[in-house]
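**Q** Below is work.txt; it holds compact mmCIF, C-alpha atoms.
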# COMPACT_ATOMS: atom_id res chain seq x y z
CA MET A 1 -137.18 -25.03 15.26
CA LYS A 2 -135.76 -28.12 13.59
CA THR A 3 -132.56 -26.29 12.76
CA LYS A 4 -132.29 -25.06 16.35
CA ASN A 5 -132.64 -28.64 17.63
CA ILE A 6 -129.91 -29.84 15.31
CA VAL A 7 -127.59 -27.06 16.49
CA CYS A 8 -128.31 -27.99 20.12
CA LEU A 9 -127.57 -31.64 19.42
CA ILE A 10 -124.28 -30.74 17.72
CA ALA A 11 -123.31 -28.53 20.67
CA LEU A 12 -124.22 -31.29 23.14
CA PHE A 13 -122.22 -33.84 21.15
CA ALA A 14 -119.22 -31.50 21.10
CA PHE A 15 -119.52 -30.96 24.87
CA VAL A 16 -119.63 -34.71 25.51
CA GLN A 17 -116.61 -35.26 23.27
CA VAL A 18 -114.60 -32.56 25.08
CA SER A 19 -115.67 -33.97 28.46
CA LEU A 20 -114.51 -37.43 27.47
CA LEU A 21 -111.18 -36.16 26.17
CA ALA A 22 -110.44 -33.71 28.98
CA GLN A 23 -108.59 -35.41 31.81
CA ILE A 24 -106.42 -34.06 34.59
CA LYS A 25 -103.01 -35.69 34.62
CA MET A 26 -102.07 -36.59 38.17
CA PRO A 27 -99.20 -38.55 39.74
CA GLN A 28 -99.93 -42.24 40.21
CA ALA A 29 -100.19 -43.47 43.77
CA SER A 30 -98.23 -46.58 42.75
CA PRO A 31 -96.12 -45.69 39.69
CA ASN A 32 -95.52 -48.30 37.04
CA SER A 33 -92.01 -49.64 36.68
CA GLN A 34 -90.30 -51.75 34.05
CA VAL A 35 -86.97 -53.50 34.53
CA SER A 36 -85.13 -55.37 31.78
CA GLN A 37 -81.99 -57.33 32.52
CA GLN A 38 -79.80 -59.44 30.28
CA VAL A 39 -78.57 -62.45 32.25
CA GLY A 40 -76.29 -64.79 30.34
CA LEU A 41 -78.07 -65.40 27.04
CA THR A 42 -81.53 -64.65 28.50
CA MET A 43 -83.47 -61.39 28.50
CA ILE A 44 -85.61 -60.98 31.62
CA HIS A 45 -88.32 -58.31 31.70
CA LEU A 46 -90.31 -57.24 34.77
CA GLU A 47 -93.38 -55.01 34.94
CA TYR A 48 -94.82 -53.96 38.27
CA SER A 49 -96.36 -51.10 40.23
CA ARG A 50 -94.54 -49.58 43.21
CA PRO A 51 -96.77 -48.81 46.22
CA SER A 52 -95.27 -46.72 49.04
CA MET A 53 -95.40 -47.16 52.81
CA LYS A 54 -96.82 -43.70 53.62
CA ASN A 55 -96.47 -44.32 57.35
CA ARG A 56 -98.48 -47.53 57.13
CA LYS A 57 -97.63 -50.93 58.58
CA ILE A 58 -97.20 -53.13 55.55
CA PHE A 59 -96.90 -56.84 56.19
CA GLY A 60 -99.47 -58.26 58.55
CA GLU A 61 -101.84 -55.31 58.06
CA LEU A 62 -101.90 -53.62 54.62
CA VAL A 63 -100.68 -56.90 53.12
CA PRO A 64 -102.22 -59.66 55.27
CA PHE A 65 -100.19 -62.72 56.18
CA GLY A 66 -101.37 -65.96 54.60
CA SER A 67 -103.25 -64.38 51.67
CA VAL A 68 -102.39 -64.33 47.97
CA TRP A 69 -100.94 -60.92 47.10
CA ARG A 70 -100.48 -59.34 43.68
CA THR A 71 -96.87 -58.44 44.69
CA GLY A 72 -97.28 -54.72 44.22
CA ALA A 73 -100.32 -52.67 43.25
CA ASN A 74 -102.84 -52.49 40.41
CA ASN A 75 -102.14 -55.32 37.96
CA PRO A 76 -100.04 -58.20 39.28
CA THR A 77 -96.29 -58.12 38.74
CA THR A 78 -95.26 -59.96 35.57
CA LEU A 79 -91.99 -61.60 34.58
CA SER A 80 -91.07 -62.52 31.01
CA VAL A 81 -88.12 -64.71 29.97
CA ASP A 82 -87.15 -65.58 26.40
CA THR A 83 -85.42 -68.87 27.27
CA ASP A 84 -86.10 -71.70 29.68
CA ILE A 85 -84.70 -70.97 33.14
CA LYS A 86 -84.39 -72.51 36.57
CA VAL A 87 -85.76 -70.77 39.65
CA ASN A 88 -84.08 -71.97 42.83
CA GLY A 89 -83.23 -75.12 40.89
CA GLN A 90 -86.77 -75.72 39.56
CA SER A 91 -87.50 -75.55 35.83
CA LEU A 92 -89.61 -72.76 34.33
CA LYS A 93 -90.36 -72.60 30.60
CA ALA A 94 -89.78 -69.48 28.51
CA GLY A 95 -92.81 -67.20 28.57
CA LYS A 96 -94.67 -64.58 30.58
CA TYR A 97 -95.88 -65.16 34.14
CA ALA A 98 -97.70 -63.24 36.84
CA ILE A 99 -95.80 -63.30 40.13
CA TYR A 100 -98.12 -63.77 43.09
CA THR A 101 -96.85 -64.18 46.62
CA ILE A 102 -98.20 -65.39 49.96
CA PRO A 103 -96.28 -63.46 52.64
CA GLU A 104 -95.79 -64.97 56.10
CA LYS A 105 -93.68 -63.76 59.01
CA ARG A 106 -90.72 -66.06 58.37
CA SER A 107 -91.17 -67.18 54.76
CA TRP A 108 -93.02 -66.36 51.57
CA THR A 109 -94.54 -68.57 48.91
CA ILE A 110 -93.58 -67.32 45.44
CA ILE A 111 -96.06 -68.25 42.70
CA PHE A 112 -95.49 -68.08 38.94
CA SER A 113 -98.94 -68.09 37.34
CA LYS A 114 -99.67 -68.64 33.66
CA ASN A 115 -102.69 -66.31 33.95
CA THR A 116 -101.37 -62.76 33.47
CA GLU A 117 -104.71 -61.07 32.73
CA LEU A 118 -106.22 -60.67 36.21
CA TRP A 119 -106.72 -57.43 38.12
CA GLY A 120 -104.79 -57.81 41.34
CA ALA A 121 -105.33 -61.25 42.85
CA MET A 122 -109.07 -61.36 42.14
CA GLY A 123 -109.88 -64.60 40.36
CA TYR A 124 -106.52 -66.21 41.18
CA ASP A 125 -106.70 -69.96 40.60
CA ALA A 126 -103.93 -72.32 41.73
CA SER A 127 -104.64 -74.53 38.72
CA ASN A 128 -102.84 -71.90 36.62
CA ASP A 129 -99.64 -72.17 38.68
CA ALA A 130 -96.57 -72.98 36.61
CA LEU A 131 -94.30 -73.07 39.66
CA ARG A 132 -94.38 -72.51 43.43
CA LEU A 133 -91.45 -72.16 45.80
CA ASN A 134 -90.89 -71.20 49.41
CA VAL A 135 -88.23 -68.62 50.31
CA PRO A 136 -87.07 -67.26 53.69
CA VAL A 137 -87.73 -63.70 54.85
CA ASN A 138 -84.72 -61.47 55.50
CA LYS A 139 -84.92 -58.28 57.52
CA LEU A 140 -83.44 -54.98 56.39
CA LYS A 141 -81.90 -52.42 58.72
CA LYS A 142 -83.36 -49.53 56.74
CA ALA A 143 -86.93 -49.48 55.46
CA VAL A 144 -87.61 -49.38 51.70
CA GLU A 145 -90.29 -46.70 51.26
CA SER A 146 -91.47 -47.74 47.77
CA MET A 147 -91.63 -51.43 46.93
CA GLU A 148 -88.68 -52.42 44.77
CA ILE A 149 -87.78 -55.42 42.64
CA ASN A 150 -84.20 -55.65 41.43
CA PHE A 151 -81.46 -57.99 40.29
CA SER A 152 -78.20 -58.67 42.12
CA ASN A 153 -75.26 -61.08 41.99
CA LEU A 154 -75.20 -61.22 38.19
CA THR A 155 -73.02 -63.92 36.65
CA ASP A 156 -72.62 -65.32 33.14
CA SER A 157 -75.40 -67.82 33.85
CA GLY A 158 -77.58 -66.46 36.65
CA ALA A 159 -78.74 -63.74 39.00
CA GLN A 160 -80.68 -63.11 42.20
CA LEU A 161 -84.10 -61.45 41.98
CA ASN A 162 -85.06 -59.48 45.11
CA ILE A 163 -88.43 -58.16 46.28
CA SER A 164 -88.09 -55.51 49.00
CA TRP A 165 -90.57 -53.34 50.88
CA ASP A 166 -90.55 -51.82 54.35
CA LYS A 167 -87.89 -53.79 56.25
CA THR A 168 -88.66 -57.08 54.52
CA THR A 169 -86.83 -58.60 51.58
CA VAL A 170 -87.14 -61.98 49.89
CA GLY A 171 -85.37 -63.33 46.86
CA PHE A 172 -84.70 -66.30 44.64
CA GLY A 173 -82.02 -67.42 42.24
CA ILE A 174 -82.43 -67.54 38.48
CA GLU A 175 -80.18 -69.75 36.37
CA MET A 176 -80.08 -70.58 32.70
CA GLU A 177 -78.17 -72.85 30.34
CA VAL A 178 -75.23 -70.98 28.83
CA ASP A 179 -72.15 -73.17 28.43
CA ARG A 180 -73.88 -75.89 26.41
CA VAL A 181 -75.36 -73.28 24.05
CA VAL A 182 -72.06 -71.43 23.55
CA MET A 183 -70.09 -74.64 23.06
CA ARG A 184 -72.61 -75.82 20.46
CA GLN A 185 -72.18 -72.54 18.55
CA ILE A 186 -68.38 -72.82 18.67
CA LYS A 187 -68.60 -76.34 17.31
CA GLU A 188 -71.09 -75.48 14.56
CA LEU A 189 -69.64 -72.15 13.44
CA LEU A 190 -65.91 -72.63 13.99
CA ILE A 191 -64.82 -76.24 14.45
CA ASP A 192 -67.14 -78.11 12.07
CA GLN A 193 -66.75 -75.50 9.33
CA GLU A 194 -63.00 -75.13 9.93
CA SER A 195 -63.63 -71.40 9.76
CA ASN A 196 -60.82 -68.89 9.36
CA ASP A 197 -62.98 -65.99 10.54
CA ALA A 198 -60.72 -63.93 12.82
CA GLY A 199 -63.66 -62.63 14.84
CA LEU A 200 -65.02 -66.10 15.55
CA GLN A 201 -61.55 -67.34 16.46
CA PHE A 202 -61.11 -64.48 18.93
CA GLN A 203 -64.54 -65.06 20.49
CA ALA A 204 -63.92 -68.79 20.93
CA ALA A 205 -60.45 -68.26 22.37
CA ASN A 206 -61.77 -65.62 24.77
CA TYR A 207 -64.58 -67.93 25.97
CA TYR A 208 -62.19 -70.85 26.47
CA TYR A 209 -59.79 -68.62 28.42
CA ASN A 210 -62.47 -67.10 30.65
CA GLN A 211 -64.12 -70.45 31.35
CA GLY A 212 -60.88 -72.33 32.03
CA LYS A 213 -61.27 -74.71 29.09
CA ASP A 214 -58.65 -76.14 26.72
CA LEU A 215 -55.98 -73.43 26.58
CA ASN A 216 -54.08 -75.20 23.79
CA ALA A 217 -57.14 -74.81 21.55
CA ALA A 218 -57.53 -71.22 22.76
CA ILE A 219 -53.93 -70.25 21.91
CA GLU A 220 -54.27 -71.83 18.47
CA TRP A 221 -57.42 -69.84 17.71
CA VAL A 222 -56.18 -66.51 19.05
CA SER A 223 -52.84 -66.90 17.23
CA LYS A 224 -54.69 -67.41 13.94
CA SER A 225 -56.91 -64.42 14.72
CA VAL A 226 -53.89 -62.20 15.44
CA GLU A 227 -52.11 -63.38 12.30
CA ALA A 228 -55.15 -62.64 10.11
CA ASP A 229 -56.31 -59.39 11.71
CA PRO A 230 -54.11 -58.07 14.53
CA LYS A 231 -55.85 -55.81 17.05
CA TYR A 232 -54.51 -54.60 20.40
CA TYR A 233 -57.27 -56.49 22.22
CA THR A 234 -56.71 -59.78 20.35
CA VAL A 235 -52.95 -59.51 20.94
CA HIS A 236 -53.67 -58.81 24.64
CA LEU A 237 -55.78 -61.98 24.86
CA LYS A 238 -52.94 -63.93 23.28
CA ALA A 239 -50.59 -62.60 25.96
CA LYS A 240 -52.98 -63.65 28.73
CA ILE A 241 -53.32 -67.17 27.34
CA GLN A 242 -49.54 -67.46 26.95
CA ALA A 243 -49.15 -66.42 30.59
CA ALA A 244 -51.76 -68.97 31.67
CA LEU A 245 -49.84 -71.66 29.79
CA GLY A 246 -46.65 -70.69 31.66
CA ASN A 247 -44.91 -69.14 28.66
CA LYS A 248 -43.78 -66.05 30.58
CA SER A 249 -41.21 -64.56 28.22
CA GLU A 250 -43.53 -64.94 25.23
CA ALA A 251 -46.43 -63.45 27.20
CA ILE A 252 -44.37 -60.38 28.18
CA ALA A 253 -43.24 -59.80 24.60
CA THR A 254 -46.82 -60.16 23.31
CA ALA A 255 -48.16 -57.82 26.02
CA GLN A 256 -45.55 -55.22 25.06
CA GLU A 257 -46.67 -55.52 21.44
CA SER A 258 -50.32 -55.03 22.48
CA MET A 259 -49.33 -52.06 24.65
CA GLN A 260 -47.61 -50.33 21.73
CA MET A 261 -50.61 -50.94 19.48
CA ALA A 262 -52.95 -49.56 22.16
CA LYS A 263 -50.80 -46.43 22.52
CA GLU A 264 -50.98 -45.85 18.78
CA GLU A 265 -54.77 -46.23 18.92
CA GLY A 266 -55.00 -43.92 21.93
CA ASN A 267 -56.57 -46.58 24.17
CA MET A 268 -54.91 -45.98 27.53
CA ASP A 269 -57.11 -48.56 29.25
CA TYR A 270 -55.42 -51.33 27.32
CA VAL A 271 -52.03 -49.75 27.92
CA ALA A 272 -52.74 -50.10 31.64
CA LEU A 273 -54.11 -53.64 31.25
CA ASN A 274 -50.98 -54.76 29.47
CA GLN A 275 -48.74 -53.12 32.06
CA ARG A 276 -50.59 -54.90 34.89
CA LEU A 277 -50.28 -58.19 33.03
CA ILE A 278 -46.54 -57.69 32.59
CA ASP A 279 -46.15 -56.76 36.26
CA SER A 280 -48.04 -59.89 37.32
CA ILE A 281 -45.78 -62.13 35.24
CA LYS A 282 -42.40 -60.74 36.38
Can the structure from this file be put into structure tokens for me?

**A**
Amino acid sequence: MKTKNIVCLIALFAFVQVSLLAQIKMPQASPNSQVSQQVGLTMIHLEYSRPSMKNRKIFGELVPFGSVWRTGANNPTTLSVDTDIKVNGQSLKAGKYAIYTIPEKRSWTIIFSKNTELWGAMGYDASNDALRLNVPVNKLKKAVESMEINFSNLTDSGAQLNISWDKTTVGFGIEMEVDRVVMRQIKELLIDQESNDAGLQFQAANYYYNQGKDLNAAIEWVSKSVEADPKYYTVHLKAKIQAALGNKSEAIATAQESMQMAKEEGNMDYVALNQRLIDSIK
């Protein structure tokens, strides 16, 4: 009898184990989404769930006006940044934040909370707010079925973050310090050390050219880079800087040199770039 009881217990234990492990995989009603975007020198990471309209009226009914909303479904939307940023001109330290919102008909309050561990908005406490801002509501011509958060208008030092669902969209600008950081690196790695590294010289010259800085310094660096380690792309940059300085004949000759190098390397994109540069100078 004792042995029989032990066998029954083992069988029951095995049944419980199987029951616990056996699960039916089903589609999520509000699928999880992760978006990572490099903006300038900052990595921005978003995690959120995407509820769908499903023939429901969203704002004013499913999502009440005037109430704190998790900005999605399930866990609140979170945003992580690895450098300090500015949101619509207001400072936000590097870190991870839950994004809560208070939708209204004409504007939304966007909340960056330091508490990222809540379920939905239950337990939300304004004392954990790191930042609040008010943004206008914009109407879309075509409804967005599944809530979407995306980035637009990317530049070297900023972007627009947009939250869209149904025919409503709101957004805010994100900016970060870039020029001061890059210029500090150029000073420390290139100028102060009087480096002859061709790669660093090319990078610094390219940054100066693209940002409209001292072109005389840029041409000096790129010329040294070309002399030490000539590449079709470094020679092309030299031609662009020469053209910007008004040295047309030199720029054309340098562009022709870059074009020939690009042909030999089989890079037809740079062949075309050099031809367009030559055409723009003549």

**Q** Just checking: using all atoms listed in the file, which residue out of A:Asp166, A:Ile281, A:Val222, A:Lys93 ends up closest to A:Asn55?

**A**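 For A:Asn55, the nearest of the candidates is A:Asp166.
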
**Q** Do a neighbour search on A:Ser258 at 6 Å with only C-alpha atoms, toss out local chain neighbours closer than 4 positions, and write the hits as a ChimeraX atom specification.

**A** /A:232,235-236

**Q** Pick out the residues sitting within 12 Å of A:Asn210, and hand them over as a list of chain:residue names; count only C-alpha atoms, and ignore anything fewer than 5 positions along from it in its own chain.

**A**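 Close residues of A:Asn210: A:Asp156, A:Asp179, A:Gln203, A:Ala204, A:Ala205, A:Leu215, A:Ala218, A:Leu237, A:Lys240, A:Ile241, A:Ala244.
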
**Q** Interatomic distance between atom CA of A:Gly72 and atom CA of A:Ile149?

**A** 9.7 Å

**Q** Show me, as a ChimeraX atom specification, the residues that have an atom within 12 Å of A:Thr155 when counting all atoms listed in the file, minus same-chain residues fewer than 4 positions from it.

**A** /A:37-42,151,159-160,173-176,178

**Q** From the set A:Val182, A:Leu140, A:Leu92, A:Met261, which residue has the shortest atom-to-atom contact distance to A:Thr168, counting all atoms listed in the file?

**A**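 With all atoms listed in the file as the atom set, the closest residue is A:Leu140.
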
**Q** Starting from the point (-93.6, -48.9, 56.1), work out which residues of protein, DNA or RNA have an atom no more than 9 Å away when counting only C-alpha atoms; state them as a list of chain:residue names.

**A**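 The requested residues, written out, are A:Ser52, A:Met53, A:Lys54, A:Asn55, A:Arg56, A:Lys57, A:Ile58, A:Phe59, A:Ala143, A:Val144, A:Glu145, A:Ser146, A:Trp165, A:Asp166, A:Lys167.
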
**Q** With all atoms listed in the file as the basis for distance, which of A:Asn75, A:Ser157, A:Asn32, A:Asn88 is at the shortest distance from A:Arg132?

**A** A:Asn88

**Q** For a cutoff of 12 Å around the file-coordinate point (-87.8, -56.1, 27.7), which residues qualify once you count only C-alpha atoms? I'd like the result as a PyMOL selection string.

**A** chain A and resi 33-38+42-47+78-82+96

**Q** Please, what distance in Å, to one decimal, runs between atom CA of A:Ser152 and atom CA of A:Val170?

**A**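 Spanning atom CA of A:Ser152 to atom CA of A:Val170 is a straight-line distance of 12.3 Å.
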
**Q** What's the separation between atom CA of A:Gly158 and atom CA of A:Lys139, in Å to one decimal place?

**A**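 Distance between the two atoms: 23.6 Å.
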